[in-house]
>>> print(open('entry32.cif').read())   # mmCIF, C-alpha atoms
data_structure
loop_
_atom_site.label_atom_id
_atom_site.label_comp_id
_atom_site.auth_asym_id
_atom_site.auth_seq_id
_atom_site.Cartn_x
_atom_site.Cartn_y
_atom_site.Cartn_z
CA MET A 27 11.56 15.93 -20.98
CA LYS A 28 14.22 17.86 -19.14
CA ASN A 29 12.62 20.62 -17.07
CA ILE A 30 10.97 19.34 -13.90
CA LEU A 31 9.12 21.34 -11.24
CA VAL A 32 9.40 19.62 -7.85
CA LEU A 33 6.87 20.68 -5.24
CA GLY A 34 8.16 19.68 -1.81
CA GLY A 35 11.72 19.44 -3.05
CA THR A 36 13.18 20.71 0.24
CA GLY A 37 11.78 17.87 2.36
CA PHE A 38 13.14 14.49 3.37
CA VAL A 39 12.02 12.62 0.24
CA GLY A 40 12.14 15.65 -2.02
CA ALA A 41 15.83 16.28 -1.43
CA HIS A 42 16.66 12.74 -2.56
CA VAL A 43 14.40 13.12 -5.59
CA CYS A 44 16.19 16.34 -6.55
CA GLU A 45 19.59 14.70 -6.21
CA LYS A 46 18.63 11.80 -8.45
CA LEU A 47 17.05 14.10 -11.01
CA VAL A 48 20.12 16.29 -11.40
CA GLN A 49 22.32 13.20 -11.59
CA GLN A 50 20.19 12.09 -14.55
CA GLY A 51 20.69 15.45 -16.26
CA TYR A 52 17.32 17.02 -15.53
CA HIS A 53 16.92 20.75 -14.90
CA VAL A 54 15.01 21.06 -11.64
CA THR A 55 13.04 23.95 -10.16
CA VAL A 56 12.21 23.88 -6.45
CA PRO A 57 9.82 26.50 -5.05
CA THR A 58 9.88 27.23 -1.33
CA ARG A 59 8.45 29.90 0.96
CA ARG A 60 11.90 30.67 2.36
CA ARG A 61 15.12 30.15 0.43
CA ASN A 62 16.92 28.92 3.55
CA ASN A 63 14.64 25.85 3.56
CA ALA A 64 16.41 24.71 0.40
CA ARG A 65 19.94 24.92 1.83
CA TYR A 66 20.59 21.17 1.33
CA VAL A 67 19.61 21.18 -2.35
CA MET A 68 20.22 24.73 -3.59
CA HIS A 69 23.80 24.02 -4.67
CA LEU A 70 22.98 20.89 -6.67
CA PRO A 71 24.05 21.48 -10.30
CA GLY A 72 21.14 22.25 -12.60
CA LEU A 73 18.75 23.09 -9.76
CA THR A 74 17.02 26.46 -9.32
CA VAL A 75 15.37 27.58 -6.09
CA LEU A 76 12.53 30.10 -6.27
CA GLU A 77 10.76 31.73 -3.35
CA ALA A 78 7.04 31.23 -3.86
CA ASN A 79 3.84 30.17 -2.14
CA VAL A 80 2.59 27.14 -4.08
CA HIS A 81 -0.84 27.41 -2.42
CA ASP A 82 -1.33 30.70 -4.27
CA GLU A 83 -2.88 29.48 -7.52
CA ALA A 84 -1.64 32.39 -9.60
CA ALA A 85 1.91 31.85 -8.34
CA LEU A 86 1.63 28.11 -8.95
CA THR A 87 0.43 28.67 -12.50
CA ARG A 88 3.46 30.86 -13.18
CA LEU A 89 5.76 28.22 -11.69
CA VAL A 90 4.38 25.42 -13.87
CA ALA A 91 4.97 27.43 -17.06
CA GLY A 92 8.01 26.27 -19.02
CA HIS A 93 8.27 22.84 -17.40
CA ASP A 94 7.77 19.45 -18.98
CA ALA A 95 6.46 17.72 -15.84
CA VAL A 96 5.60 18.30 -12.20
CA VAL A 97 6.41 16.14 -9.18
CA ASN A 98 4.19 16.77 -6.16
CA LEU A 99 5.62 15.63 -2.82
CA ILE A 100 3.89 18.15 -0.56
CA ALA A 101 2.10 16.52 2.37
CA ILE A 102 1.47 16.86 6.08
CA LEU A 103 1.14 14.09 8.66
CA HIS A 104 -0.65 16.05 11.39
CA GLY A 105 -3.52 18.53 11.33
CA ASN A 106 -7.26 18.95 11.32
CA ALA A 107 -9.61 18.21 8.42
CA ALA A 108 -9.22 21.69 6.96
CA ALA A 109 -5.42 21.50 7.03
CA PHE A 110 -5.39 18.07 5.38
CA ASP A 111 -7.79 19.27 2.68
CA LYS A 112 -5.70 22.38 1.97
CA VAL A 113 -2.55 20.35 1.34
CA HIS A 114 -3.79 16.99 0.05
CA VAL A 115 -6.91 18.01 -1.93
CA ASN A 116 -6.96 21.72 -2.72
CA LEU A 117 -3.32 21.84 -3.84
CA PRO A 118 -3.75 18.97 -6.35
CA GLN A 119 -6.85 20.78 -7.65
CA LYS A 120 -4.83 23.96 -8.16
CA LEU A 121 -1.97 21.98 -9.69
CA ALA A 122 -4.28 20.28 -12.18
CA ARG A 123 -5.68 23.64 -13.29
CA ALA A 124 -2.16 25.13 -13.53
CA CYS A 125 -1.00 22.21 -15.67
CA ILE A 126 -3.98 22.48 -18.02
CA ALA A 127 -3.46 26.23 -18.35
CA ASN A 128 0.17 25.71 -19.36
CA GLY A 129 -0.21 22.59 -21.49
CA VAL A 130 1.82 20.49 -19.04
CA HIS A 131 0.38 16.99 -18.99
CA ARG A 132 2.85 14.90 -16.99
CA VAL A 133 2.42 14.71 -13.19
CA VAL A 134 3.97 12.35 -10.65
CA HIS A 135 2.03 12.52 -7.40
CA ILE A 136 3.30 11.00 -4.16
CA SER A 137 0.39 9.80 -2.05
CA ALA A 138 0.35 7.20 0.74
CA LEU A 139 -0.21 3.49 1.10
CA GLY A 140 -3.78 2.98 2.28
CA ALA A 141 -5.22 5.84 0.22
CA ASP A 142 -7.99 4.89 -2.21
CA ASP A 143 -8.98 7.10 -5.13
CA GLN A 144 -12.09 4.98 -5.76
CA ARG A 145 -13.42 4.99 -2.18
CA PRO A 146 -11.57 7.73 -0.27
CA GLY A 147 -14.21 7.90 2.45
CA ALA A 148 -13.61 4.27 3.43
CA ALA A 149 -10.14 4.98 4.88
CA PRO A 150 -9.89 4.98 8.70
CA SER A 151 -8.21 8.38 9.17
CA GLU A 152 -8.64 11.92 7.93
CA TYR A 153 -5.05 11.79 6.64
CA LEU A 154 -5.77 8.79 4.40
CA ARG A 155 -9.21 10.04 3.38
CA SER A 156 -7.72 13.35 2.25
CA LYS A 157 -4.94 11.51 0.40
CA GLY A 158 -7.57 9.48 -1.46
CA ARG A 159 -9.53 12.58 -2.37
CA GLY A 160 -6.35 14.20 -3.68
CA GLU A 161 -5.65 11.19 -5.87
CA ALA A 162 -9.20 11.31 -7.21
CA VAL A 163 -8.75 14.95 -8.21
CA LEU A 164 -5.86 13.99 -10.48
CA LEU A 165 -7.03 10.58 -11.70
CA HIS A 166 -10.73 11.33 -12.22
CA PRO A 167 -11.23 14.94 -13.38
CA ALA A 168 -14.79 16.17 -13.79
CA ASN A 169 -14.01 17.05 -17.41
CA PRO A 170 -12.36 14.04 -19.14
CA ALA A 171 -10.90 16.40 -21.72
CA GLU A 172 -8.72 17.85 -18.94
CA ALA A 173 -7.27 14.50 -17.87
CA LEU A 174 -3.52 14.50 -17.22
CA ASP A 175 -0.91 11.78 -17.64
CA VAL A 176 -0.57 10.91 -13.97
CA THR A 177 1.50 8.44 -12.00
CA VAL A 178 0.49 8.03 -8.35
CA LEU A 179 3.04 6.51 -5.99
CA ARG A 180 1.77 5.14 -2.67
CA PRO A 181 4.70 4.49 -0.32
CA SER A 182 4.51 2.79 3.05
CA VAL A 183 6.41 4.49 5.88
CA ILE A 184 9.70 5.76 4.45
CA PHE A 185 13.04 5.18 6.17
CA GLY A 186 16.47 6.69 5.54
CA ALA A 187 19.32 8.51 7.20
CA GLU A 188 17.34 11.70 7.81
CA ASP A 189 13.99 10.09 8.64
CA LYS A 190 11.80 11.14 11.55
CA PHE A 191 10.68 7.57 12.16
CA LEU A 192 13.42 5.15 13.19
CA ASN A 193 15.63 8.05 14.26
CA LEU A 194 12.90 9.25 16.61
CA PHE A 195 12.47 5.83 18.20
CA ALA A 196 16.24 5.57 18.62
CA LYS A 197 16.48 8.97 20.33
CA LEU A 198 13.60 8.25 22.67
CA GLN A 199 15.16 4.98 23.76
CA ASN A 200 18.44 6.69 24.43
CA VAL A 201 16.56 8.66 27.10
CA PHE A 202 13.77 6.51 28.47
CA PRO A 203 14.22 3.10 30.14
CA PHE A 204 11.00 1.73 28.62
CA MET A 205 8.59 2.56 25.79
CA PRO A 206 4.82 2.84 26.30
CA LEU A 207 3.55 2.27 22.77
CA ALA A 208 0.14 2.80 21.22
CA GLY A 209 -0.61 0.79 18.09
CA ALA A 210 2.13 -1.70 18.93
CA ASN A 211 0.66 -4.41 16.68
CA ALA A 212 0.10 -2.17 13.64
CA ARG A 213 1.91 -3.60 10.61
CA PHE A 214 4.15 -1.67 8.20
CA GLN A 215 6.21 -2.50 5.12
CA PRO A 216 8.88 0.25 5.26
CA VAL A 217 10.46 1.43 2.03
CA TRP A 218 13.87 3.07 1.59
CA VAL A 219 13.86 6.75 0.62
CA GLN A 220 16.34 6.07 -2.19
CA ASP A 221 13.97 3.51 -3.70
CA VAL A 222 11.10 6.01 -3.55
CA ALA A 223 13.25 8.68 -5.19
CA ALA A 224 14.30 6.22 -7.91
CA ALA A 225 10.62 5.39 -8.52
CA VAL A 226 9.86 9.08 -9.06
CA VAL A 227 12.65 9.46 -11.61
CA LEU A 228 11.67 6.29 -13.47
CA SER A 229 8.04 7.44 -13.54
CA LEU A 230 9.12 10.53 -15.46
CA GLN A 231 10.76 8.55 -18.24
CA PRO A 232 8.82 8.06 -21.49
CA SER A 233 8.84 4.26 -21.39
CA LYS A 234 7.45 2.86 -18.15
CA PRO A 235 6.77 -0.83 -17.52
CA MET A 236 3.48 -2.49 -16.62
CA PRO A 237 0.89 0.09 -17.70
CA MET A 238 -2.43 -0.06 -15.91
CA PRO A 239 -5.34 -1.27 -18.10
CA MET A 240 -6.67 1.56 -20.25
CA SER A 241 -8.01 2.45 -23.63
CA VAL A 242 -5.36 3.50 -26.14
CA SER A 243 -7.03 6.88 -26.45
CA GLU A 244 -7.00 7.61 -22.72
CA PRO A 245 -4.26 9.51 -20.87
CA ILE A 246 -1.64 7.41 -19.11
CA GLN A 247 -2.61 6.89 -15.47
CA ARG A 248 -0.81 4.47 -13.19
CA VAL A 249 -0.80 3.71 -9.48
CA TYR A 250 2.10 1.94 -7.77
CA GLU A 251 2.43 0.69 -4.20
CA LEU A 252 5.98 1.31 -2.93
CA VAL A 253 7.00 -1.07 -0.15
CA GLY A 254 10.08 -2.83 1.12
CA PRO A 255 10.57 -6.61 1.21
CA ASP A 256 9.79 -7.05 4.92
CA VAL A 257 6.75 -6.52 7.12
CA PHE A 258 7.19 -5.35 10.74
CA THR A 259 4.88 -4.52 13.59
CA LEU A 260 5.40 -1.12 15.16
CA LYS A 261 6.72 -2.88 18.26
CA GLN A 262 9.32 -4.73 16.18
CA LEU A 263 10.45 -1.49 14.56
CA VAL A 264 10.86 0.18 17.96
CA GLN A 265 12.87 -2.80 19.21
CA LEU A 266 15.03 -2.79 16.07
CA ALA A 267 15.78 0.91 16.49
CA ALA A 268 16.92 0.25 20.06
CA ARG A 269 19.16 -2.69 19.12
CA LEU A 270 20.86 -0.71 16.38
CA SER A 271 21.28 2.55 18.29
CA ILE A 272 22.03 1.50 21.90
CA GLY A 273 22.87 -2.16 21.45
CA ARG A 274 19.96 -3.56 23.45
CA GLU A 275 16.18 -3.56 23.49
CA ARG A 276 14.16 -1.46 25.89
CA PRO A 277 10.97 -2.96 27.32
CA VAL A 278 8.03 -2.06 25.09
CA ILE A 279 4.70 -1.74 26.88
CA PRO A 280 1.77 -1.97 24.42
CA LEU A 281 -1.04 0.42 25.36
CA PRO A 282 -4.71 -0.48 24.98
CA GLN A 283 -6.54 1.62 22.41
CA TRP A 284 -8.31 3.83 24.94
CA LEU A 285 -5.09 4.66 26.77
CA GLY A 286 -3.24 5.20 23.51
CA ARG A 287 -5.81 7.77 22.47
CA ILE A 288 -5.42 9.61 25.77
CA GLN A 289 -1.64 9.58 25.27
CA ALA A 290 -2.02 10.89 21.69
CA ALA A 291 -4.44 13.61 22.78
CA ALA A 292 -1.90 14.77 25.38
CA MET A 293 0.86 14.81 22.74
CA GLU A 294 -1.30 16.98 20.49
CA LEU A 295 -1.33 19.64 23.22
CA ALA A 296 2.47 19.84 23.38
CA PRO A 297 4.26 22.61 21.45
CA GLY A 298 5.42 21.77 17.96
CA GLU A 299 4.59 18.74 15.85
CA PRO A 300 3.20 15.91 18.00
CA LEU A 301 5.03 12.60 18.24
CA MET A 302 1.69 10.85 17.75
CA SER A 303 -1.83 12.09 17.06
CA ARG A 304 -5.22 10.46 17.34
CA ASP A 305 -5.47 10.59 13.55
CA ASN A 306 -2.18 8.66 13.35
CA LEU A 307 -3.72 5.99 15.54
CA ASP A 308 -6.75 5.90 13.26
CA SER A 309 -4.43 5.32 10.28
CA MET A 310 -2.84 2.37 12.08
CA GLN A 311 -6.20 0.60 12.29
CA GLN A 312 -5.41 -0.43 8.71
CA ASP A 313 -2.24 -2.42 8.03
CA ASN A 314 0.24 -0.33 6.06
CA VAL A 315 1.31 -3.16 3.74
CA ALA A 316 0.96 -3.82 0.02
CA SER A 317 -2.46 -4.94 -1.16
CA GLY A 318 -0.99 -7.22 -3.81
CA THR A 319 -3.45 -5.90 -6.38
CA LEU A 320 -1.27 -3.10 -7.78
CA PRO A 321 2.24 -3.02 -9.29
CA GLY A 322 5.15 -2.09 -7.04
CA LEU A 323 8.82 -1.25 -7.18
CA ARG A 324 9.71 -4.37 -9.15
CA ALA A 325 7.39 -3.23 -11.95
CA LEU A 326 9.59 -0.15 -12.20
CA GLY A 327 12.75 -2.27 -12.31
CA ILE A 328 13.71 -1.58 -8.68
CA ASP A 329 14.73 -4.31 -6.24
CA ALA A 330 13.46 -3.03 -2.89
CA ALA A 331 16.15 -2.64 -0.24
CA ALA A 332 15.78 -4.35 3.13
CA LEU A 333 15.45 -2.08 6.15
CA ALA A 334 17.82 -3.61 8.71
CA PRO A 335 21.17 -3.36 6.84
CA ILE A 336 20.55 0.26 5.84
CA ALA A 337 19.17 1.35 9.21
CA ALA A 338 22.24 -0.20 10.86
CA GLN A 339 24.43 2.26 8.94
CA TYR A 340 22.71 5.45 10.01
CA LEU A 341 21.35 4.55 13.44
CA THR A 342 24.76 3.28 14.54
CA ALA A 343 26.96 5.86 12.86
CA ASP A 344 24.42 8.70 13.00
CA GLN A 345 25.36 9.94 9.57
CA ALA A 346 23.71 10.11 6.17
CA ASN A 347 24.45 7.87 3.21
CA ALA A 348 27.09 8.87 0.71
CA GLY A 349 25.99 11.30 -1.99
CA LEU A 350 25.87 14.95 -2.90
CA LEU A 351 23.34 15.73 -0.18
CA ALA A 352 25.30 13.92 2.50
CA MET A 353 28.50 15.74 1.55
CA ARG A 354 26.77 19.10 1.83
CA GLN A 355 25.26 18.21 5.20
CA VAL A 356 28.57 17.00 6.59
CA HIS A 357 30.44 20.09 5.40
CA ARG A 358 27.74 22.71 5.99
#
>>> encode(input="entry32.cif", output="C-alpha cells")
Amino acid sequence: MKNILVLGGTGFVGAHVCEKLVQQGYHVTVPTRRRNNARYVMHLPGLTVLEANVHDEAALTRLVAGHDAVVNLIAILHGNAAAFDKVHVNLPQKLARACIANGVHRVVHISALGADDQRPGAAPSEYLRSKGRGEAVLLHPANPAEALDVTVLRPSVIFGAEDKFLNLFAKLQNVFPFMPLAGANARFQPVWVQDVAAAVVLSLQPSKPMPMPMSVSEPIQRVYELVGPDVFTLKQLVQLAARLSIGRERPVIPLPQWLGRIQAAAMELAPGEPLMSRDNLDSMQQDNVASGTLPGLRALGIDAAALAPIAAQYLTADQANAGLLAMRQVHR
C-alpha cells in the first residue's frame, strides 16, 4: 500500500499527516480547490497536488482511481445543518461510492470525540450529530456487500504549533485585560497534532493492534478515541495559554449559559469564522474526554504527549516544531 489520497491534506492536521506519510515512503495525492492552498505541502517529496472539487462526485471518483487507500480529514466546525451535512455526511457517502467503484477498500476517516455512529441523534450539537451520521455511512452501509475496511479516529480538541485553539486564547489575552468565557467548566482531553498524524499513518499499515470484535469474514472496522494524558476545563486551558504567552493569568469571568448564548449569537454575526457559535456551546454540554470503552493511542503503540511542555514551545517562541513543514513555513 503506497499510493494514498488525502482529502483535507492542506489543513492543520492534514499537513502533518502528509509530512509523516512522505517520510514513511508513501506517494501522496492532495486535491484542493486552489493550488495555493497547498503551499505548505506541495514541495514535500513524493506528494502531488491536484486542483479539484472533492464534493463533485464524478471528480472524486476520478481522484480515488489508482490509489490504495483514502484518508478523509475534511471537516468544518461552524455552519448550519445543511453545511454540516454536506461536509460530514454527504461527502463520506460520495467517498464510499467512489471507493466501491474503483475497488479501493481502505479508508481512514477522522471524526470527532463525542460522535456516535450507533446513536448519532443523541449528540448535543448539530456538529456532533452530523459527525455521527458520517461515521454511520462508512461503518454501516445499507448493502453489506459494499462494506469498506474503515478505521475511524475520534480526536478530542487538537493542539499544535499552528492550532486555532490555544493560539487564539493567547492572542486574545495579549489584547484584553480579562476573558469573559462561555462554557468555562467544559472538560477537554487535548491531543497533540503529531500524535493524531501518527495514528493516521499507523492505521494505514497492514498489521494494526487491538482489532474491534468482528467475524472473520467481515471487513475490518475499528474506532479509536484519540486523547492526551490530561483533562482540562476550558477555563484552565485559557489560563494556561495566558501563563505561557504573556507570563501571567488574566481574570477569567465564567458566563452563565444564557449570556454565553447571547455572546455566541453576536459572534456569529461578525464577518468571517466566528470565535464561538451556539452550536459550539451545545457541543460543550458533553465532556470532550475519552469514554474508556474504546481503544486509544496506546492501542496503536503511541504514548500520548502532554499538552503543557509542547504548548510552552510554540506559545512562548511563536514558532512551529522542527520538521519539513516548519522549515518551509520559516523560509517561505
>>> residues_around(input="entry32.cif", residues="Lys190 (chain A)", least_positions_apart="3", cutoff="12 Å", atoms="only C-alpha atoms", output="list in words")
Gly37, Phe38, Val39, Leu103, Val183, Ile184, Phe185, Gly186, Ala187, Asn193, Leu194, Phe195, Ala196, Lys197, Leu198, Val219, Glu299, Pro300, Leu301, Met302 and Leu341 of chain A
>>> residues_around(input="entry32.cif", residues="Leu86 (chain A)", least_positions_apart="5", cutoff="9 Å", atoms="only C-alpha atoms", output="list in words")
Ala78, Asn79, Val80, His81, Ala91, Lys120, Leu121 and Ala124 of chain A
>>> resolve_selection(input="entry32.cif", expression="the PyMOL selection byres ((chain A and resi 312) around 9)", output="PyMOL selection string")
chain A and resi 140+149-150+212-213+308-311+313-315
>>> resolve_selection(input="entry32.cif", expression="the PyMOL selection byres ((chain A and resi 304) around 10)", output="VMD selection string")
chain A and resid 104 151 286 to 294 302 to 303 305 to 310
>>> atom_distance(input="entry32.cif", atom1="CA of Glu77 (chain A)", atom2="CA of Arg159 (chain A)")
27.9 Å
>>> closest_residue(input="entry32.cif", among="A:Leu31, A:Ala296, A:Val178, A:Val54", to="Asp143 (chain A)", atoms="only C-alpha atoms")
A:Val178
>>> resolve_selection(input="entry32.cif", expression="the PyMOL selection byres ((chain A and resi 95) around 9)", output="VMD selection string")
chain A and resid 27 to 32 90 93 to 94 96 to 97 125 130 to 134 230
>>> closest_residue(input="entry32.cif", among="A:Gly254, A:Gly327, A:Gly129, A:Gly51", to="Leu228 (chain A)", atoms="all atoms listed in the file")
A:Gly327
>>> closest_residue(input="entry32.cif", among="A:Leu295, A:Leu117, A:Ala101, A:Leu139", to="Gly34 (chain A)", atoms="all atoms listed in the file")
A:Ala101
>>> atom_distance(input="entry32.cif", atom1="CA of Gly273 (chain A)", atom2="CA of Gln199 (chain A)")
10.8 Å
>>> closest_residue(input="entry32.cif", among="A:Asn128, A:Gln283, A:Ser271, A:Thr58", to="Gln339 (chain A)", atoms="all atoms listed in the file")
A:Ser271
>>> residues_around(input="entry32.cif", residues="Ala41 (chain A)", least_positions_apart="2", cutoff="9 Å", atoms="only C-alpha atoms", output="VMD selection string")
chain A and resid 34 to 39 43 to 46 64 66 to 67 223 351
